[in-house]
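Engineer: Dumping the structure here so I can ask a few things about it.
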Amino acid sequence: MSEWEAIGKSDEWYTPKYIFDGLNCCFDLDVAAPSDGPRHVPCFRWFSSNALDLDWGGFVWMNPPFGGRNAINPWLKKFFEHNNGIALVPDRTSAPWFQRNAKKASAILFLSPKVKFERPDGTIGKSPGSGTALFAAGKKSANVLRHATKLGLLVENVEP
């Protein structure tokens with residue numbers, strides 16, 4: 001388990017700005033924003049708490065708390081039920097949760113190089129133990145990833 005995923009450590013790790021520059025889109029909603037609002041995420045609205053209990057609307061960005069072993073599962077369940085957005089996840093390709101959800105994704109962009117996330121104080125974290133992927137849910141999301149291949153390797157799912 002890498003430093004940034006260690007159980008008991010903070011889940012406050014922010015997506016670097018260059019990823020949003022590469023995606024070149026605006027989101028309607030960031031569903032897992034820090035309490036002081038989204039950092040770098042180009043969006044109109046955000047949820048800082050209780051996002052799993054709230055109604056999601058429009059095109060969403062989701063960088064959920066990775067937490068412990070299965071903490072990401074309820075986030076991905078709601079994300080794919082919503083079916084309109086991009087989710088940032090650790091690319092644990094052999095993990096059951098990854099395999100199950102990759103089959104639901106319209107496209108997956110495996111980011112390269114490994115993403116060094118930002119801490120709340122603005123400093124950059126060390127290189128994580130695993131890479132990062134973006135799951136697309138829906139046609140709009142897949143199209144955004146198609147145009148962001150400078151960020152990594154794109155794999156499209158023929159049966160999302």
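For the structure tokens, the naming scheme is as follows: chains receive sequential letters (A, B, ...) according to their order of presentation, residues are indexed from 1 within each chain, and ligands are indexed from 1 in presentation order.
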List the neighbours of range 37-48 of chain A out to 6 Å using only C-alpha atoms; skip same-chain residues closer than 3 positions along the sequence, and give me the result as a list in words.
Structural biologist: Lys17, Cys26, Phe27, Asp28, Leu29, Asp30, Val31, Ala32, Ala33, Pro34 and Ala51 of chain A
Engineer: Can you pull out every residue within 9 Å of Leu154 in chain A, counting only C-alpha atoms, but drop anything in the same chain fewer than 5 positions away, and send it as an MDAnalysis selection string?
Structural biologist: chainID A and resid 107:111 145:146 148:149
Engineer: May I have the residues within 12 Å of Asn73 in chain A as a VMD selection string, using only C-alpha atoms and disregarding those fewer than 4 positions away in the same chain?
Structural biologist: chain A and resid 52 64 to 69 77 to 80 89 95 to 101
Engineer: Would you give me, as number ranges by chain, the residues in range 17-148 of chain A that DSSP reads as strand (DSSP E)?
Structural biologist: A: 27-30, 43-46, 60-62, 85-90, 107-111, 132-137
Engineer: Work out how far apart CA of Phe59 in chain A and CA of Gly85 in chain A are and give it in Å to one decimal.
Structural biologist: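 The value is 5.0 Å.
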Engineer: So which residues touch Thr15 in chain A within 7 Å, counting only C-alpha atoms, skipping near sequence neighbours fewer than 2 positions away, as a list in words?
Structural biologist: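 Counting only C-alpha atoms, the residues come to Trp13, Lys17, Phe117 and Glu118 of chain A.
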Engineer: Go through A:Leu23, A:Pro90, A:Ser49, A:His82 and flag the residue nearest Gly129 in chain A, using only C-alpha atoms for the distances.
Structural biologist: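 Among A:Leu23, A:Pro90, A:Ser49, A:His82, it is A:Pro90 that comes nearest to Gly129 in chain A.
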Engineer: Which parts of chain A does DSSP call alpha helix (DSSP H) when run on the backbone here, written out as a count of residues only?
Structural biologist: 32
Engineer: Restricting the calculation to only C-alpha atoms: of A:Met62, A:Asn143, A:Tyr18, A:Ala136, which residue gets closest to Pro113 in chain A?
Structural biologist: A:Tyr18
Engineer: By how many Å are CA of Val60 in chain A and CA of Phe20 in chain A apart?
Structural biologist: 12.9 Å
Engineer: Figure out the distance between CA of Leu134 in chain A and CA of Leu153 in chain A, please, to one decimal in Å.
Structural biologist: 10.3 Å
